[in-house]
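Here the structure comes first, spelled out in structure tokens, and everything after it is commentary.
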Amino acid sequence: MRVPLLDLSEQYRFLAKPIHQEIEAVLRSHRFILGPQVEAFEKAICVYCRAPQAVGVSSGTDALLAILMALGIGRGDAVITTPYTFFATAGCITRVGATPLFVDIDPATCNLSPTALETFLENKCEATGEHVVFRQSQGAKTSASPSDSKCLRVRAIVPVHLFGLCCEMEAINQISEQYQLHLIEDAAQAIGAEYRFGEQTTKAGTMGEAGYFSFYPSKNLGAAGDAGMIVCREGKLASELRTLRQHGMESRYYHRVVGGNFRLDEIQAAVLAIKLPYLDSWSAARRVAADFYRSEFTRTGLMNKCVLPAEPHRDRGLTNHHIYHQYVIRAPMRDALRQHLAKHEIETSVYYPLGLHEQKCFADLGYKKGDFPETERAARETIALPIYPEISHEAQRHVVNSIAGFFG
Ligand SMILES: Cc1ncc(COP(=O)(O)O)c(C=O)c1O
């Protein structure tokens, strides 16, 4: 039995008619970029996320790029993030001229560890009056100042809600407030994921100053191409982002700042608006599939071999405590297991096989193997199993039985 990692065919069959109708309407309107469909979808995202502002953009990558630009983060600045994420998170920080500073993950969730974050800020950075400074060569730690070329001014934290699970945002928020750092949530994989913030239920992307989603086709809410969305609190920031997504243009062909082409197109917005009302039911179906995996791993006696995804927010009175964008387990002999599953026609993936600190393009950051042991261990042990709303019990049983066969 062939089991793909993701199968969008059922979703497409279900929504083909309205999607075709809406695409045709856009084609007939001849309005292709930043029109009424984008505006309507931005409003729908505001309502869905309970976010004051939403700005449609061309991708998750461009969302982060635009946010960093809007916050004036650039050369001489540093941004703290996780090395265990998709490349774009750190790629964008580098592209604006800033330096990514990596902090290791919590092994239970693979999300940025608040404890490691606090330790990093306490031990490796210095608060000098209004600034937090990171000394590139960690030598004598005296009189650091941002005008010293070896010092970077730490400006922001970018936690990533990996695989559809929110980071421990209460602790991360506290730290960002204490050090007065911008907090930008990478919610590319986590639209709709919830977090219990004190007494309140909040959604991924809305807990910091700004957050962003990717609508890459494989995401829980996937476009028919590339698309992204920024949510934020302040109208002023939203307005700057709107200017930046159009090459910094304020009135036609008058450019106040240098921006980019980060525009969202009408066809993508139309497709996404049709899908949005179904997002929660799709994420719920993924949770049901995750529960079924757990019962199958238990049935087959695999619980002492594999580590299943942690669900730290499960008993906090939330619906979308996890949206299972990916179902990622840890297993010994991961690569051999993957080969075995491939022989049984089961598609798997590894998110991610290498920490960003070990990527060739970041060699000049000066990190080395061993710097982030939890990230490195996750990169060796994790394997993503097939998950999508319509996955059948039969397919899941085949996956787990094949894993049992491997360890048996
Ligand atoms: C964690 C994370 N950040 C950023 C991005 C970038 O989003 P996009 O592919 O829409 O540019 C992705 C996309 O896969 C992602 O998974």
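Ordered as shown in the structure tokens, chains take letters A, B, and onward, while each chain numbers its residues from 1 and ligands are numbered from 1 in the order shown.
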Quiz item: Excluding same-chain residues fewer than 3 positions from Gly76 in chain A, what lies within 7 Å of it counting only C-alpha atoms, as JSON, numbers by chain?
Solution: {"A": [98, 152, 153]}
Exercise. List all protein, DNA and RNA residues that have an atom no more than 10 Å from any atom of ligand 1, counting only C-alpha atoms and all ligand atoms, and report them as an MDAnalysis selection string.
Key: chainID A and resid 57:65 82 84:92 159:164 185:190 212:219 222:223 225:229 325 351
Quiz item: Near range 33-49 of chain A, within 6 Å and counting only C-alpha atoms, which residues show up once chain neighbours fewer than 3 positions away are dropped, as a PyMOL selection string?
Solution: chain A and resi 54+203+265-266+269-270+273
Exercise. Name all residues at most 12 Å from range 332-334 of chain A (count only C-alpha atoms; drop same-chain ones fewer than 2 positions away) and give them as number ranges by chain.
Key: A: 302, 304-307, 328-330, 336-341, 348-350, 353, 377-385, 403, 406-407
Any chance you can output those residues with N, CA and C atoms as a compact mmCIF listing (two decimals), in the first residue's frame?
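File produced: part29.txt:
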# COMPACT_ATOMS: atom_id res chain seq x y z
N LEU A 302 5.60 -0.24 20.45
CA LEU A 302 6.72 0.58 19.95
C LEU A 302 7.07 1.77 20.85
N ASN A 304 8.50 2.01 23.57
CA ASN A 304 9.85 2.05 24.17
C ASN A 304 10.94 2.18 23.10
N LYS A 305 10.53 2.21 21.84
CA LYS A 305 11.50 2.38 20.75
C LYS A 305 11.47 3.81 20.20
N CYS A 306 10.26 4.33 20.05
CA CYS A 306 10.11 5.63 19.40
C CYS A 306 9.57 6.66 20.40
N VAL A 307 9.91 7.89 20.16
CA VAL A 307 9.35 8.98 20.98
C VAL A 307 8.34 9.75 20.11
N VAL A 328 5.99 14.35 13.72
CA VAL A 328 7.43 14.05 13.75
C VAL A 328 7.75 13.24 15.00
N ILE A 329 8.30 12.06 14.76
CA ILE A 329 8.70 11.21 15.89
C ILE A 329 10.23 11.12 15.92
N ARG A 330 10.73 10.59 17.01
CA ARG A 330 12.16 10.28 17.08
C ARG A 330 12.30 8.78 17.09
N ALA A 336 18.06 4.17 8.41
CA ALA A 336 17.74 2.80 8.00
C ALA A 336 16.23 2.58 8.05
N LEU A 337 15.60 3.16 9.05
CA LEU A 337 14.13 3.05 9.17
C LEU A 337 13.46 3.70 7.96
N ARG A 338 13.96 4.85 7.56
CA ARG A 338 13.38 5.52 6.39
C ARG A 338 13.49 4.66 5.14
N GLN A 339 14.64 4.03 5.00
CA GLN A 339 14.83 3.16 3.82
C GLN A 339 13.86 2.00 3.86
N HIS A 340 13.72 1.43 5.04
CA HIS A 340 12.79 0.31 5.23
C HIS A 340 11.36 0.74 4.86
N LEU A 341 10.96 1.93 5.33
CA LEU A 341 9.60 2.41 5.05
C LEU A 341 9.42 2.70 3.55
N THR A 348 8.36 9.35 3.76
CA THR A 348 8.67 10.08 5.00
C THR A 348 9.56 11.27 4.64
N SER A 349 9.82 12.09 5.63
CA SER A 349 10.76 13.19 5.38
C SER A 349 11.53 13.50 6.66
N VAL A 350 12.56 14.30 6.52
CA VAL A 350 13.31 14.71 7.70
C VAL A 350 13.33 16.23 7.75
N PRO A 353 17.53 17.84 8.37
CA PRO A 353 18.68 16.94 8.55
C PRO A 353 19.94 17.64 9.08
N ARG A 377 21.00 16.46 17.81
CA ARG A 377 20.40 15.16 18.10
C ARG A 377 19.05 15.04 17.36
N ALA A 378 18.28 16.13 17.37
CA ALA A 378 16.99 16.11 16.66
C ALA A 378 17.23 15.87 15.16
N ALA A 379 18.24 16.51 14.63
CA ALA A 379 18.53 16.35 13.20
C ALA A 379 18.89 14.90 12.86
N ARG A 380 19.45 14.18 13.83
CA ARG A 380 19.80 12.75 13.62
C ARG A 380 18.62 11.82 13.83
N GLU A 381 17.70 12.20 14.74
CA GLU A 381 16.69 11.23 15.20
C GLU A 381 15.29 11.42 14.64
N THR A 382 14.98 12.61 14.14
CA THR A 382 13.57 12.85 13.81
C THR A 382 13.20 12.34 12.42
N ILE A 383 11.97 11.92 12.33
CA ILE A 383 11.43 11.47 11.05
C ILE A 383 9.95 11.86 11.01
N ALA A 384 9.55 12.47 9.90
CA ALA A 384 8.15 12.90 9.75
C ALA A 384 7.38 11.79 9.04
N LEU A 385 6.28 11.38 9.66
CA LEU A 385 5.43 10.33 9.09
C LEU A 385 4.27 10.96 8.33
N ILE A 403 6.86 0.03 10.75
CA ILE A 403 7.87 0.45 11.72
C ILE A 403 8.12 -0.71 12.70
N PHE A 406 10.29 -3.24 11.23
CA PHE A 406 11.70 -2.82 11.23
C PHE A 406 12.37 -3.13 12.57
N PHE A 407 11.68 -2.80 13.66
CA PHE A 407 12.29 -3.01 14.99
C PHE A 407 12.09 -4.44 15.51
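Reported to one decimal place, the separation of CA of Asp77 in chain A from CA of Tyr367 in chain A is 17.7 Å.
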Practice problem: Could you find all residues in range 20-265 of chain A that DSSP calls helix (DSSP H, G or I) from the backbone, and write them as JSON, numbers by chain? | Solution: {"A": [20, 21, 22, 23, 24, 25, 26, 27, 28, 29, 36, 37, 38, 39, 40, 41, 42, 43, 44, 45, 46, 47, 48, 49, 60, 61, 62, 63, 64, 65, 66, 67, 68, 69, 70, 87, 88, 89, 90, 91, 92, 93, 94, 95, 114, 115, 116, 117, 118, 119, 120, 121, 122, 123, 124, 162, 163, 164, 169, 170, 171, 172, 173, 174, 175, 176, 177, 178, 235, 236, 237, 238, 239, 240, 241, 242, 243, 244]}
Exercise. Might you pull out every residue within 8 Å of Phe134 in chain A, with only C-alpha atoms counted and same-chain residues fewer than 4 positions away left off, and present them as a PyMOL selection string?
Key: chain A and resi 78+124-126+151-154
Could you save those same residues with N, CA and C atoms as a JSON list (two decimals), in the first residue's frame?
[["chain", "number", "residue", "atom", "x", "y", "z"],
["A", 78, "ALA", "N", 21.58, 42.03, 15.67],
["A", 78, "ALA", "CA", 21.51, 40.57, 15.76],
["A", 78, "ALA", "C", 20.09, 40.18, 16.14],
["A", 124, "LYS", "N", 25.74, 35.51, 27.68],
["A", 124, "LYS", "CA", 26.49, 35.85, 26.46],
["A", 124, "LYS", "C", 26.21, 37.27, 25.99],
["A", 125, "CYS", "N", 25.26, 37.93, 26.62],
["A", 125, "CYS", "CA", 24.94, 39.29, 26.18],
["A", 125, "CYS", "C", 25.08, 40.23, 27.36],
["A", 126, "GLU", "N", 25.14, 41.50, 27.03],
["A", 126, "GLU", "CA", 25.21, 42.51, 28.08],
["A", 126, "GLU", "C", 24.16, 43.56, 27.85],
["A", 151, "CYS", "N", 30.77, 44.37, 18.44],
["A", 151, "CYS", "CA", 29.54, 44.17, 19.19],
["A", 151, "CYS", "C", 28.34, 44.28, 18.28],
["A", 152, "LEU", "N", 27.41, 43.39, 18.51],
["A", 152, "LEU", "CA", 26.16, 43.45, 17.76],
["A", 152, "LEU", "C", 25.06, 43.87, 18.72],
["A", 153, "ARG", "N", 24.16, 44.66, 18.22],
["A", 153, "ARG", "CA", 23.04, 45.06, 19.07],
["A", 153, "ARG", "C", 21.91, 44.05, 18.87],
["A", 154, "VAL", "N", 21.54, 43.37, 19.92],
["A", 154, "VAL", "CA", 20.47, 42.37, 19.82],
["A", 154, "VAL", "C", 19.14, 43.11, 19.75]]
Quiz item: Which neighbours of Val231 in chain A fall inside 6 Å, counting only C-alpha atoms, when residues of the same chain fewer than 4 positions from it are skipped, and could you give them as a ChimeraX atom specification?
Solution: /A:53-54,210-211
How about saving the chosen residues, all heavy atoms kept, as a PDB file, in the first residue's frame?
ATOM      1  N   GLN A  53      -4.494  43.539  12.949  1.00  0.00           N
ATOM      2  CA  GLN A  53      -4.025  43.911  11.608  1.00  0.00           C
ATOM      3  C   GLN A  53      -3.546  42.680  10.860  1.00  0.00           C
ATOM      4  O   GLN A  53      -2.910  41.806  11.463  1.00  0.00           O
ATOM      5  CB  GLN A  53      -2.815  44.865  11.704  1.00  0.00           C
ATOM      6  CG  GLN A  53      -3.040  46.093  12.547  1.00  0.00           C
ATOM      7  CD  GLN A  53      -3.895  47.139  11.854  1.00  0.00           C
ATOM      8  OE1 GLN A  53      -4.028  47.138  10.620  1.00  0.00           O
ATOM      9  NE2 GLN A  53      -4.493  48.013  12.616  1.00  0.00           N
ATOM     10  N   ALA A  54      -3.804  42.639   9.561  1.00  0.00           N
ATOM     11  CA  ALA A  54      -3.257  41.558   8.728  1.00  0.00           C
ATOM     12  C   ALA A  54      -2.815  42.152   7.390  1.00  0.00           C
ATOM     13  O   ALA A  54      -3.520  42.987   6.811  1.00  0.00           O
ATOM     14  CB  ALA A  54      -4.295  40.474   8.511  1.00  0.00           C
ATOM     15  N   ALA A 210       4.616  41.047  16.043  1.00  0.00           N
ATOM     16  CA  ALA A 210       4.157  40.638  14.712  1.00  0.00           C
ATOM     17  C   ALA A 210       4.383  39.137  14.571  1.00  0.00           C
ATOM     18  O   ALA A 210       5.242  38.560  15.242  1.00  0.00           O
ATOM     19  CB  ALA A 210       4.940  41.382  13.627  1.00  0.00           C
ATOM     20  N   GLY A 211       3.589  38.543  13.711  1.00  0.00           N
ATOM     21  CA  GLY A 211       3.760  37.118  13.437  1.00  0.00           C
ATOM     22  C   GLY A 211       3.450  36.873  11.974  1.00  0.00           C
ATOM     23  O   GLY A 211       2.854  37.736  11.312  1.00  0.00           O
TER      24      GLY A 211
END
Quiz prompt | CA of Leu101 in chain A to CA of Gln136 in chain A, straight-line distance in Å | solution = 10.0 Å
Practice problem: Just the residues within 12 Å of Gln178 in chain A, please, counting only C-alpha atoms, with nothing from its chain fewer than 5 positions along; format it as number ranges by chain. | Solution: A: 118, 121-122, 127, 130-132, 171-173, 183
Quiz item: Out of range 30-277 of chain A, which residues get strand (DSSP E or B) from DSSP, as an MDAnalysis selection string?
Solution: chainID A and resid 33 53:57 77:81 99:102 105 112 125:128 131:135 151:158 160 182:186 194:197 200:203 210:214 228:232 246 249:251 254:255 261 265
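Closest approach to Val55 in chain A from the set A:Thr243, A:Thr319, A:Ser392, A:Ser295 is made by A:Thr243, with distances taken over only C-alpha atoms.
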